[in-house]
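Engineer: Got a structure for you, written out below as structure tokens; questions coming shortly.
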Amino acid sequence: MSRARTPPVAGGAGGSLAPVRIVVCVKHVPDIQGERSLGEDGRVVRDGGDGTLNELDENAVEAALALVEARAQEGDEVVALTVGPDDAVEAVRRALQMGAHRAVHVLDDAVAGADAVGTAQVLAAAVRRLGEEAPVDLVVTGMAGLDGLTSLLPTLLGELLGVAALPLASHLEVEGGTVTVRRDLDHATETLRAALPAVVSVTDAANDPRYPGFKQIMAARKAPVTVLSLDDLGLDPALTGAAGARTQVLLARPRPPRQDRVLVQDTGDGGARLAAFLVERGLV
Amino acid sequence: MSTPATVLVLVDHTPAGALRAPAEELCTAARAVAAAGSVEGVWVATDPDDRPGDAVLAALGALGVARVHRVTAVGADPRTSAVVAQALAELHAELHAERPARAVLLASSFENKEAAARLAVRTGAGVVTDADDLALEDGTVVTGKTVLAGTWTTRCAVRTPLAVVTLKANAVPAAPADVATEPEVLERAVEADATARAVTLVDRVERDTSGRPDLASAHVVVVGGRGTEGDFSAVEELADVLGGAVGATRVATDEGWIGHDAQIGQTGVTISPRLYIGAGVSGAVHHRGGMQASGTVIAVNNDPDAPIFEIADLGIVGDLFTVLPQAAAELRARREG
Ligand SMILES: Cc1cc2nc3c(=O)[nH]c(=O)nc-3n(C[C@H](O)[C@H](O)[C@H](O)COP(=O)(O)OP(=O)(O)OC[C@H]3O[C@@H](n4cnc5c(N)ncnc54)[C@H](O)[C@@H]3O)c2cc1C
Ligand SMILES: Nc1ncnc2c1ncn2[C@@H]1O[C@H](COP(=O)(O)O)[C@@H](O)[C@H]1O
């Protein structure tokens, strides 16, 4: 991912700028509006057929496209990258519909069962591979996968690639070879800055993802998707996937629904009933 | 039998040097995993005057913390996750030589998850975030975690010698140690490495708190949604009577009715208080993802078909502007009477 020169990703600047390449990581997840479940092995069931692009990754795609569009430079490229089973191609297709220029799908049975670190290792290898073709300036991810909600990936990726990681950008600016993000944390608001190349994740507050039109949807259907195996990436299957996972799910079961639920209509004493309930349950 | 081991606990504290709420829970969980080994606190100093005071040391001593490593940073801002991770990695390596280090525990927050991710890469550790239980089984660290918007429970074993775990607040009941200690404070300077120097903290503005408990770790949270139409007074009044924190849905934060940091849900703060009260909240899946693991759930909504009633122990179909003030008045009267 390294590059010697300073990559100018400045918005709207004229002159002869070197092309900019942004990799955006997108994940296919079970639709959160649907019935989601875990299998015997504790893995998220991913063959329900009702998967979608992790909606938070639409913000990542939007952020990458917006940066490139602001420059309006010939040769700039947004590459959508996913790691996952067959269905996962839908995630990069959605990114293509939105306007990504290229799509890469790492597809290998040996990836199944990977934990966050394992997935990050595969994504890092894929980014490195893309970097061998031409330098990658920026990797953009969503703030979290709505399946696992770990939010670990962007930081893991930065560490593994040996570049700065700036997660949770609600505002993102790239200029003169540096990236600046503003982010809201539990107790503070921060501004972080780093030299490119870097990894950032964007929140759902960063932008409003575009909605692709019919023409883009049709065009994306025919666009090629590069499929890579672990072997293509020079990764040892024993170190990723279930075999290499550092964590192992021992047990998974649905939580029983809440018992003894009470629903009452307020007929003038609703507040008093609420108070009485708290007292009864020892909650005050 | 499990051999005694070292467990490191990152001690989150306010800029004024007070412990943040989950510290007691973390230290309690750490003692179980240390198996008669030692629990060691890590205090990352944000400025030269930032050190654990007598009250903090007494509190940590009551929890059985053997030593506190006070870390200062050279070459990078100590408030960045890379510096925190580097400090923990260095301590881990050094302490391991004395006695095997089994786990590093951190409170679940976005910042600490970043530190956890970095630490996992640097030490080869397995990492679990948002755990709600922690145990040692046959020498292996096993965590509990609620997933898929609070609808599934999992148990997960960490297969590596070192486990990095971020623990959710209100998950492990805090308890003092059988024998209190007098923690010794050891100073350590960390010379920031290339990764830590790569990120510049341009500015950090601490948010002043409302005087209410911290949202992420509060025992009671009262949440207002679109139904408040921007008037949070009834929500705040009930929260204050209950000594709780005030939260909001994304609609309420997007409208600017309350700060973004109050947002509960999948893209906001994840909470699991003993008591959640939602008023004028529909219970959208994005919101449920951040609160469904709460102890008791109460909902006040004027729509009997609101989805939040499906997960509410007590649902009151009514107007929040009459139900909440009445409840607050009732509780106040009970207290005074
Ligand atoms: C990617 C993504 C991420 C998201 N993340 C989050 C998140 O983290 N947190 C979050 O909260 N949302 C999140 N959302 C938004 C979420 O989908 C819902 O839109 C939101 O939670 C709804 O907020 P609400 O319940 O306040 O509003 P509504 O759904 O409009 O519900 C308002 C409720 O108030 C009731 N009501 C009205 N007046 C009264 C009254 N006087 N008394 C009593 N009840 C009344 C109504 O009957 C209704 O049920 C996210 C959405 C997306 C797409
Ligand atoms: N298998 C994957 N393929 C591509 N991108 C991923 C994958 N898993 C996670 N990501 C990216 O990392 C972000 C954070 O995910 P997580 O750390 O799993 O919560 C997501 O929003 C995606 O952008």
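Identifiers for the structure tokens are assigned positionally: chains receive A, B, ... in sequence, residues are indexed from 1 per chain, and ligands are indexed from 1 in the order shown.
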So which residues touch Ala218 of chain B within 7 Å, counting only C-alpha atoms, skipping near sequence neighbours fewer than 4 positions away, as a list in words?

Structural biologist: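 Once the adjacent positions are removed, what remains is Pro213, Asp214, Gly244, Ala245 and Pro273 of chain B.
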
Engineer: Write as a count of residues only the residues around ligand 2, taking 7 Å as the cut-off and counting only C-alpha atoms and all ligand atoms.

Structural biologist: 28

Engineer: Got a sec to tell me which of segment 22-118 of chain B DSSP assigns to strand (DSSP E), as a list in words?

Structural biologist: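 So, restricting segment 22-118 of chain B to strand (DSSP E), we get Ser38, Val39, Glu40, Gly41, Val42, Trp43, Val44, Val65, Ala66, Arg67, Val68, His69, Arg70, Val71, Thr72, Ala73, Val74, Ala101, Arg102, Ala103, Val104, Leu105, Leu106 and Ala107 of chain B.
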
Engineer: Kindly provide, as a tab-separated table (two decimals) with N, CA, C and O atoms, in the first residue's frame, the residues of chain A having any atom no farther than 7 Å from an atom of chain B, counting only C-alpha atoms.

Structural biologist:
```
chain	number	residue	atom	x	y	z
A	33	GLN	N	-33.65	-6.49	9.12
A	33	GLN	CA	-35.10	-6.42	9.29
A	33	GLN	C	-35.72	-7.83	9.28
A	33	GLN	O	-36.87	-8.01	9.63
A	36	ARG	N	-32.89	-13.21	11.93
A	36	ARG	CA	-31.49	-13.59	11.84
A	36	ARG	C	-31.21	-14.68	12.86
A	36	ARG	O	-31.81	-14.72	13.93
A	147	ASP	N	-24.01	-7.29	11.45
A	147	ASP	CA	-24.18	-8.66	11.96
A	147	ASP	C	-23.43	-8.85	13.27
A	147	ASP	O	-24.00	-9.20	14.29
A	148	GLY	N	-22.13	-8.57	13.25
A	148	GLY	CA	-21.33	-8.81	14.45
A	148	GLY	C	-21.16	-7.58	15.31
A	148	GLY	O	-20.94	-7.68	16.51
A	150	THR	N	-18.73	-5.60	15.67
A	150	THR	CA	-17.51	-5.54	16.47
A	150	THR	C	-16.79	-4.21	16.28
A	150	THR	O	-16.12	-3.74	17.18
A	152	LEU	N	-14.17	-3.74	14.88
A	152	LEU	CA	-12.73	-3.93	15.04
A	152	LEU	C	-11.99	-3.77	13.73
A	152	LEU	O	-10.80	-3.43	13.70
A	155	THR	N	-9.51	-0.78	12.45
A	155	THR	CA	-8.27	-0.65	13.23
A	155	THR	C	-7.34	-1.84	13.00
A	155	THR	O	-6.13	-1.67	12.84
A	156	LEU	N	-7.93	-3.03	12.94
A	156	LEU	CA	-7.11	-4.22	12.65
A	156	LEU	C	-6.41	-4.05	11.32
A	156	LEU	O	-5.22	-4.35	11.17
A	159	GLU	N	-3.47	-1.62	11.48
A	159	GLU	CA	-2.31	-2.24	12.16
A	159	GLU	C	-1.63	-3.24	11.24
A	159	GLU	O	-0.41	-3.27	11.14
A	162	GLY	N	0.17	-1.59	8.54
A	162	GLY	CA	1.21	-0.68	9.01
A	162	GLY	C	0.96	0.77	8.64
A	162	GLY	O	1.89	1.54	8.42
A	163	VAL	N	-0.30	1.14	8.54
A	163	VAL	CA	-0.64	2.54	8.23
A	163	VAL	C	-1.60	3.07	9.30
A	163	VAL	O	-2.14	2.31	10.09
A	164	ALA	N	-1.81	4.37	9.28
A	164	ALA	CA	-2.69	4.99	10.27
A	164	ALA	C	-4.12	4.51	10.09
A	164	ALA	O	-4.59	4.35	8.97
A	185	LEU	N	-16.99	10.59	20.23
A	185	LEU	CA	-16.82	9.43	21.10
A	185	LEU	C	-17.74	9.60	22.30
A	185	LEU	O	-18.44	10.60	22.43
A	186	ASP	N	-17.72	8.61	23.20
A	186	ASP	CA	-18.63	8.66	24.35
A	186	ASP	C	-18.48	9.94	25.16
A	186	ASP	O	-19.45	10.51	25.61
A	187	HIS	N	-17.24	10.36	25.37
A	187	HIS	CA	-17.04	11.49	26.29
A	187	HIS	C	-16.43	12.71	25.62
A	187	HIS	O	-16.16	13.70	26.27
A	188	ALA	N	-16.15	12.61	24.34
A	188	ALA	CA	-15.42	13.71	23.70
A	188	ALA	C	-15.62	13.71	22.20
A	188	ALA	O	-16.05	12.72	21.61
A	189	THR	N	-15.33	14.84	21.59
A	189	THR	CA	-15.28	14.96	20.15
A	189	THR	C	-13.82	15.20	19.77
A	189	THR	O	-13.16	16.02	20.40
A	190	GLU	N	-13.35	14.47	18.77
A	190	GLU	CA	-11.93	14.55	18.40
A	190	GLU	C	-11.75	14.89	16.93
A	190	GLU	O	-12.58	14.54	16.10
A	191	THR	N	-10.63	15.49	16.63
A	191	THR	CA	-10.17	15.61	15.25
A	191	THR	C	-8.82	14.90	15.16
A	191	THR	O	-7.91	15.18	15.94
A	192	LEU	N	-8.74	13.96	14.22
A	192	LEU	CA	-7.50	13.20	14.03
A	192	LEU	C	-6.98	13.46	12.63
A	192	LEU	O	-7.76	13.65	11.69
A	193	ARG	N	-5.67	13.44	12.47
A	193	ARG	CA	-5.08	13.65	11.15
A	193	ARG	C	-3.93	12.68	10.94
A	193	ARG	O	-3.23	12.33	11.89
A	194	ALA	N	-3.76	12.25	9.69
A	194	ALA	CA	-2.64	11.36	9.37
A	194	ALA	C	-2.27	11.52	7.91
A	194	ALA	O	-3.09	11.96	7.09
A	246	ARG	N	-8.80	-17.22	16.48
A	246	ARG	CA	-8.28	-17.12	17.84
A	246	ARG	C	-9.40	-17.24	18.86
A	246	ARG	O	-9.16	-17.38	20.05
A	247	THR	N	-10.63	-17.11	18.38
A	247	THR	CA	-11.77	-17.26	19.29
A	247	THR	C	-12.69	-18.31	18.68
A	247	THR	O	-12.74	-18.50	17.48
A	248	GLN	N	-13.39	-19.02	19.56
A	248	GLN	CA	-14.24	-20.11	19.08
A	248	GLN	C	-15.57	-20.07	19.82
A	248	GLN	O	-15.61	-20.06	21.05
A	249	VAL	N	-16.65	-20.03	19.05
A	249	VAL	CA	-17.97	-20.01	19.67
A	249	VAL	C	-18.29	-21.41	20.19
A	249	VAL	O	-18.21	-22.39	19.47
A	250	LEU	N	-18.59	-21.51	21.48
A	250	LEU	CA	-18.86	-22.80	22.09
A	250	LEU	C	-20.35	-23.12	22.05
A	250	LEU	O	-20.75	-24.27	22.00
A	251	LEU	N	-21.14	-22.06	22.11
A	251	LEU	CA	-22.57	-22.27	22.28
A	251	LEU	C	-23.31	-21.03	21.79
A	251	LEU	O	-22.85	-19.91	21.98
A	252	ALA	N	-24.41	-21.26	21.12
A	252	ALA	CA	-25.24	-20.14	20.67
A	252	ALA	C	-26.68	-20.54	20.80
A	252	ALA	O	-27.09	-21.61	20.35
A	253	ARG	N	-27.46	-19.72	21.46
A	253	ARG	CA	-28.88	-20.04	21.51
A	253	ARG	C	-29.71	-18.75	21.56
A	253	ARG	O	-29.27	-17.73	22.07
A	254	PRO	N	-30.95	-18.87	20.99
A	254	PRO	CA	-31.80	-17.69	21.01
A	254	PRO	C	-32.17	-17.34	22.44
A	254	PRO	O	-32.35	-18.24	23.27
A	255	ARG	N	-32.23	-16.05	22.72
A	255	ARG	CA	-32.65	-15.66	24.07
A	255	ARG	C	-34.15	-15.88	24.17
A	255	ARG	O	-34.89	-15.53	23.26
A	258	ARG	N	-39.11	-12.31	26.63
A	258	ARG	CA	-39.39	-11.88	27.99
A	258	ARG	C	-40.68	-12.52	28.48
A	258	ARG	O	-41.68	-12.53	27.77
A	260	ASP	N	-43.95	-13.04	31.12
A	260	ASP	CA	-44.89	-12.25	31.93
A	260	ASP	C	-44.92	-10.79	31.51
A	260	ASP	O	-44.87	-9.89	32.34
A	261	ARG	N	-45.00	-10.56	30.21
A	261	ARG	CA	-45.08	-9.18	29.76
A	261	ARG	C	-46.47	-8.62	30.06
A	261	ARG	O	-47.47	-9.32	29.96
A	262	VAL	N	-46.49	-7.38	30.44
A	262	VAL	CA	-47.77	-6.74	30.76
A	262	VAL	C	-47.96	-5.53	29.85
A	262	VAL	O	-47.05	-4.73	29.69
A	263	LEU	N	-49.14	-5.44	29.24
A	263	LEU	CA	-49.46	-4.27	28.42
A	263	LEU	C	-50.74	-3.66	28.96
A	263	LEU	O	-51.77	-4.34	29.03
A	264	VAL	N	-50.67	-2.42	29.39
A	264	VAL	CA	-51.88	-1.80	29.95
A	264	VAL	C	-52.20	-0.51	29.22
A	264	VAL	O	-51.32	0.19	28.73
A	265	GLN	N	-53.49	-0.23	29.16
A	265	GLN	CA	-53.96	1.02	28.57
A	265	GLN	C	-54.01	2.06	29.69
A	265	GLN	O	-54.53	1.78	30.77
A	266	ASP	N	-53.47	3.22	29.44
A	266	ASP	CA	-53.55	4.28	30.45
A	266	ASP	C	-54.97	4.81	30.53
A	266	ASP	O	-55.52	5.30	29.54
A	270	GLY	N	-51.85	5.55	34.53
A	270	GLY	CA	-50.70	4.89	33.89
A	270	GLY	C	-49.39	5.19	34.60
A	270	GLY	O	-48.56	4.30	34.80
A	271	GLY	N	-49.20	6.45	34.98
A	271	GLY	CA	-47.96	6.84	35.66
A	271	GLY	C	-47.85	6.17	37.01
A	271	GLY	O	-46.78	5.70	37.41
A	272	ALA	N	-48.96	6.10	37.73
A	272	ALA	CA	-48.97	5.47	39.05
A	272	ALA	C	-48.65	3.98	38.91
A	272	ALA	O	-47.93	3.40	39.72
A	274	LEU	N	-46.87	2.66	36.56
A	274	LEU	CA	-45.45	2.56	36.25
A	274	LEU	C	-44.62	2.60	37.54
A	274	LEU	O	-43.74	1.77	37.78
A	275	ALA	N	-44.97	3.57	38.39
A	275	ALA	CA	-44.25	3.72	39.66
A	275	ALA	C	-44.41	2.47	40.52
A	275	ALA	O	-43.43	1.96	41.09
A	284	VAL	N	-36.50	0.77	42.50
A	284	VAL	CA	-36.26	2.12	43.04
A	284	VAL	C	-35.79	2.02	44.48
A	284	VAL	O	-36.04	1.03	45.15
```

Engineer: May I ask which of the residues B:Gly278, B:Gly259, B:Pro176, B:Gly227 is the closest one to ligand 1, counting only C-alpha atoms and all ligand atoms?

Structural biologist: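 Nearest candidate to ligand 1 out of B:Gly278, B:Gly259, B:Pro176, B:Gly227: B:Gly227.
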
Engineer: Please run DSSP on the backbone and report, as a PyMOL selection string, all residues within segment 107-284 of chain B that come out as alpha helix (DSSP H).

Structural biologist: chain B and resi 110-123+194-198+233-241+250-254

Engineer: Go through A:His28, A:His101, A:Ala64, A:Ala114 and flag the residue nearest Ala243 of chain A, using only C-alpha atoms for the distances.

Structural biologist: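 Once distances to Ala243 of chain A are computed over only C-alpha atoms, the minimum belongs to A:Ala114.
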
Engineer: Find the residues around segment 205-215 of chain A up to 9 Å (only C-alpha atoms counted), leave out those fewer than 4 positions away in its own chain, and share them as a PDB file with all heavy atoms, in the first residue's frame.

Structural biologist:
```pdb
ATOM      1  N   GLU A  58     -22.808   1.413   2.791  1.00  0.00           N
ATOM      2  CA  GLU A  58     -23.216   2.363   1.755  1.00  0.00           C
ATOM      3  C   GLU A  58     -22.611   3.728   2.060  1.00  0.00           C
ATOM      4  O   GLU A  58     -22.250   4.475   1.155  1.00  0.00           O
ATOM      5  CB  GLU A  58     -24.749   2.468   1.689  1.00  0.00           C
ATOM      6  CG  GLU A  58     -25.386   1.203   1.157  1.00  0.00           C
ATOM      7  CD  GLU A  58     -26.891   1.346   0.954  1.00  0.00           C
ATOM      8  OE1 GLU A  58     -27.384   2.488   0.990  1.00  0.00           O
ATOM      9  OE2 GLU A  58     -27.537   0.306   0.777  1.00  0.00           O
ATOM     10  N   ASN A  59     -22.494   4.057   3.337  1.00  0.00           N
ATOM     11  CA  ASN A  59     -21.852   5.315   3.702  1.00  0.00           C
ATOM     12  C   ASN A  59     -20.370   5.302   3.310  1.00  0.00           C
ATOM     13  O   ASN A  59     -19.818   6.336   2.921  1.00  0.00           O
ATOM     14  CB  ASN A  59     -21.977   5.574   5.211  1.00  0.00           C
ATOM     15  CG  ASN A  59     -23.417   5.749   5.657  1.00  0.00           C
ATOM     16  OD1 ASN A  59     -24.028   4.812   6.169  1.00  0.00           O
ATOM     17  ND2 ASN A  59     -23.977   6.921   5.445  1.00  0.00           N
ATOM     18  N   ALA A  60     -19.747   4.124   3.409  1.00  0.00           N
ATOM     19  CA  ALA A  60     -18.333   4.023   3.034  1.00  0.00           C
ATOM     20  C   ALA A  60     -18.167   4.214   1.530  1.00  0.00           C
ATOM     21  O   ALA A  60     -17.283   4.957   1.074  1.00  0.00           O
ATOM     22  CB  ALA A  60     -17.773   2.661   3.469  1.00  0.00           C
ATOM     23  N   VAL A  61     -19.035   3.563   0.759  1.00  0.00           N
ATOM     24  CA  VAL A  61     -18.967   3.696  -0.696  1.00  0.00           C
ATOM     25  C   VAL A  61     -19.217   5.157  -1.084  1.00  0.00           C
ATOM     26  O   VAL A  61     -18.496   5.738  -1.904  1.00  0.00           O
ATOM     27  CB  VAL A  61     -20.008   2.776  -1.384  1.00  0.00           C
ATOM     28  CG1 VAL A  61     -19.984   2.981  -2.894  1.00  0.00           C
ATOM     29  CG2 VAL A  61     -19.741   1.307  -1.041  1.00  0.00           C
ATOM     30  N   GLU A  62     -20.228   5.750  -0.460  1.00  0.00           N
ATOM     31  CA  GLU A  62     -20.561   7.149  -0.765  1.00  0.00           C
ATOM     32  C   GLU A  62     -19.363   8.061  -0.474  1.00  0.00           C
ATOM     33  O   GLU A  62     -19.028   8.936  -1.287  1.00  0.00           O
ATOM     34  CB  GLU A  62     -21.771   7.581   0.066  1.00  0.00           C
ATOM     35  CG  GLU A  62     -22.225   9.020  -0.149  1.00  0.00           C
ATOM     36  CD  GLU A  62     -22.677   9.297  -1.583  1.00  0.00           C
ATOM     37  OE1 GLU A  62     -23.395   8.463  -2.149  1.00  0.00           O
ATOM     38  OE2 GLU A  62     -22.301  10.362  -2.121  1.00  0.00           O
ATOM     39  N   ALA A  63     -18.721   7.841   0.650  1.00  0.00           N
ATOM     40  CA  ALA A  63     -17.578   8.685   1.025  1.00  0.00           C
ATOM     41  C   ALA A  63     -16.463   8.561  -0.004  1.00  0.00           C
ATOM     42  O   ALA A  63     -15.866   9.565  -0.421  1.00  0.00           O
ATOM     43  CB  ALA A  63     -17.069   8.298   2.414  1.00  0.00           C
ATOM     44  N   ARG A  94     -23.626  -4.050  -5.360  1.00  0.00           N
ATOM     45  CA  ARG A  94     -24.312  -2.844  -4.899  1.00  0.00           C
ATOM     46  C   ARG A  94     -23.347  -1.645  -4.997  1.00  0.00           C
ATOM     47  O   ARG A  94     -23.750  -0.557  -5.410  1.00  0.00           O
ATOM     48  CB  ARG A  94     -24.765  -3.053  -3.449  1.00  0.00           C
ATOM     49  CG  ARG A  94     -25.474  -1.874  -2.843  1.00  0.00           C
ATOM     50  CD  ARG A  94     -26.843  -1.687  -3.453  1.00  0.00           C
ATOM     51  NE  ARG A  94     -27.534  -0.524  -2.905  1.00  0.00           N
ATOM     52  CZ  ARG A  94     -28.713  -0.102  -3.318  1.00  0.00           C
ATOM     53  NH1 ARG A  94     -29.340  -0.754  -4.286  1.00  0.00           N
ATOM     54  NH2 ARG A  94     -29.272   0.948  -2.782  1.00  0.00           N
ATOM     55  N   GLN A  97     -23.167  -0.584  -8.511  1.00  0.00           N
ATOM     56  CA  GLN A  97     -24.370   0.176  -8.871  1.00  0.00           C
ATOM     57  C   GLN A  97     -24.249   1.625  -8.421  1.00  0.00           C
ATOM     58  O   GLN A  97     -24.650   2.549  -9.121  1.00  0.00           O
ATOM     59  CB  GLN A  97     -25.609  -0.423  -8.196  1.00  0.00           C
ATOM     60  CG  GLN A  97     -26.031  -1.774  -8.725  1.00  0.00           C
ATOM     61  CD  GLN A  97     -27.135  -2.396  -7.870  1.00  0.00           C
ATOM     62  OE1 GLN A  97     -27.636  -1.785  -6.931  1.00  0.00           O
ATOM     63  NE2 GLN A  97     -27.508  -3.631  -8.195  1.00  0.00           N
ATOM     64  N   MET A  98     -23.676   1.795  -7.243  1.00  0.00           N
ATOM     65  CA  MET A  98     -23.542   3.159  -6.720  1.00  0.00           C
ATOM     66  C   MET A  98     -22.496   3.960  -7.495  1.00  0.00           C
ATOM     67  O   MET A  98     -22.508   5.183  -7.445  1.00  0.00           O
ATOM     68  CB  MET A  98     -23.191   3.126  -5.226  1.00  0.00           C
ATOM     69  CG  MET A  98     -24.344   2.645  -4.343  1.00  0.00           C
ATOM     70  SD  MET A  98     -23.878   2.553  -2.594  1.00  0.00           S
ATOM     71  CE  MET A  98     -23.754   4.301  -2.172  1.00  0.00           C
ATOM     72  N   GLY A  99     -21.572   3.242  -8.160  1.00  0.00           N
ATOM     73  CA  GLY A  99     -20.590   3.975  -8.962  1.00  0.00           C
ATOM     74  C   GLY A  99     -19.145   3.539  -8.799  1.00  0.00           C
ATOM     75  O   GLY A  99     -18.243   4.144  -9.393  1.00  0.00           O
ATOM     76  N   ALA A 169     -15.279   8.299  11.388  1.00  0.00           N
ATOM     77  CA  ALA A 169     -15.362   9.668  10.888  1.00  0.00           C
ATOM     78  C   ALA A 169     -16.813  10.053  10.638  1.00  0.00           C
ATOM     79  O   ALA A 169     -17.521   9.387   9.895  1.00  0.00           O
ATOM     80  CB  ALA A 169     -14.565   9.797   9.599  1.00  0.00           C
ATOM     81  N   SER A 170     -17.248  11.139  11.264  1.00  0.00           N
ATOM     82  CA  SER A 170     -18.550  11.688  10.888  1.00  0.00           C
ATOM     83  C   SER A 170     -18.320  12.808   9.880  1.00  0.00           C
ATOM     84  O   SER A 170     -19.241  13.295   9.244  1.00  0.00           O
ATOM     85  CB  SER A 170     -19.301  12.209  12.109  1.00  0.00           C
ATOM     86  OG  SER A 170     -18.527  13.167  12.781  1.00  0.00           O
ATOM     87  N   HIS A 171     -17.056  13.186   9.760  1.00  0.00           N
ATOM     88  CA  HIS A 171     -16.673  14.171   8.754  1.00  0.00           C
ATOM     89  C   HIS A 171     -15.269  13.802   8.284  1.00  0.00           C
ATOM     90  O   HIS A 171     -14.410  13.488   9.093  1.00  0.00           O
ATOM     91  CB  HIS A 171     -16.685  15.573   9.361  1.00  0.00           C
ATOM     92  CG  HIS A 171     -16.397  16.629   8.353  1.00  0.00           C
ATOM     93  ND1 HIS A 171     -17.359  17.100   7.493  1.00  0.00           N
ATOM     94  CD2 HIS A 171     -15.253  17.278   8.044  1.00  0.00           C
ATOM     95  CE1 HIS A 171     -16.811  18.017   6.691  1.00  0.00           C
ATOM     96  NE2 HIS A 171     -15.536  18.142   7.010  1.00  0.00           N
ATOM     97  N   LEU A 172     -15.087  13.832   6.961  1.00  0.00           N
ATOM     98  CA  LEU A 172     -13.842  13.318   6.387  1.00  0.00           C
ATOM     99  C   LEU A 172     -13.324  14.298   5.355  1.00  0.00           C
ATOM    100  O   LEU A 172     -14.071  14.767   4.506  1.00  0.00           O
ATOM    101  CB  LEU A 172     -14.175  11.978   5.715  1.00  0.00           C
ATOM    102  CG  LEU A 172     -13.130  11.273   4.865  1.00  0.00           C
ATOM    103  CD1 LEU A 172     -11.991  10.780   5.744  1.00  0.00           C
ATOM    104  CD2 LEU A 172     -13.775  10.088   4.150  1.00  0.00           C
ATOM    105  N   ALA A 219     -26.170  -1.661 -15.629  1.00  0.00           N
ATOM    106  CA  ALA A 219     -24.751  -1.681 -16.006  1.00  0.00           C
ATOM    107  C   ALA A 219     -23.945  -2.526 -15.028  1.00  0.00           C
ATOM    108  O   ALA A 219     -23.055  -3.283 -15.418  1.00  0.00           O
ATOM    109  CB  ALA A 219     -24.208  -0.251 -16.057  1.00  0.00           C
ATOM    110  N   ALA A 220     -24.284  -2.424 -13.742  1.00  0.00           N
ATOM    111  CA  ALA A 220     -23.519  -3.157 -12.728  1.00  0.00           C
ATOM    112  C   ALA A 220     -23.723  -4.663 -12.860  1.00  0.00           C
ATOM    113  O   ALA A 220     -22.859  -5.454 -12.488  1.00  0.00           O
ATOM    114  CB  ALA A 220     -23.939  -2.692 -11.331  1.00  0.00           C
TER     115      ALA A 220
ATOM    116  N   ASP B 254     -30.916  13.382  15.541  1.00  0.00           N
ATOM    117  CA  ASP B 254     -30.857  13.997  14.204  1.00  0.00           C
ATOM    118  C   ASP B 254     -31.608  15.325  14.174  1.00  0.00           C
ATOM    119  O   ASP B 254     -31.207  16.270  13.493  1.00  0.00           O
ATOM    120  CB  ASP B 254     -31.455  13.069  13.138  1.00  0.00           C
ATOM    121  CG  ASP B 254     -30.465  12.007  12.678  1.00  0.00           C
ATOM    122  OD1 ASP B 254     -29.313  12.037  13.156  1.00  0.00           O
ATOM    123  OD2 ASP B 254     -30.843  11.150  11.854  1.00  0.00           O
TER     124      ASP B 254
END
```

Engineer: Kindly indicate which residue among B:Gly280, B:Pro100, B:Pro4, B:Gly211 lies nearest to ligand 1, using only C-alpha atoms and all ligand atoms for the distances.

Structural biologist: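 Of all the options, B:Gly280 lies closest to ligand 1.
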
Engineer: Quick one: of B:Val65, B:Ala103, B:Ala248, B:Ala171, who's nearest to ligand 1, counting only C-alpha atoms and all ligand atoms?

Structural biologist: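 Closest candidate: B:Ala248.
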
Engineer: Which residues come within 9 Å of Leu60 of chain B, counting only C-alpha atoms, excluding same-chain residues fewer than 3 positions away, as a list in words?

Structural biologist: Ala23, Glu24, Cys27, Gly41, Ala55, Val56, Leu57, Leu63, Gly64, Val65, Ala66, Val68, Ala180, Thr181, Glu182 and Pro183 of chain B
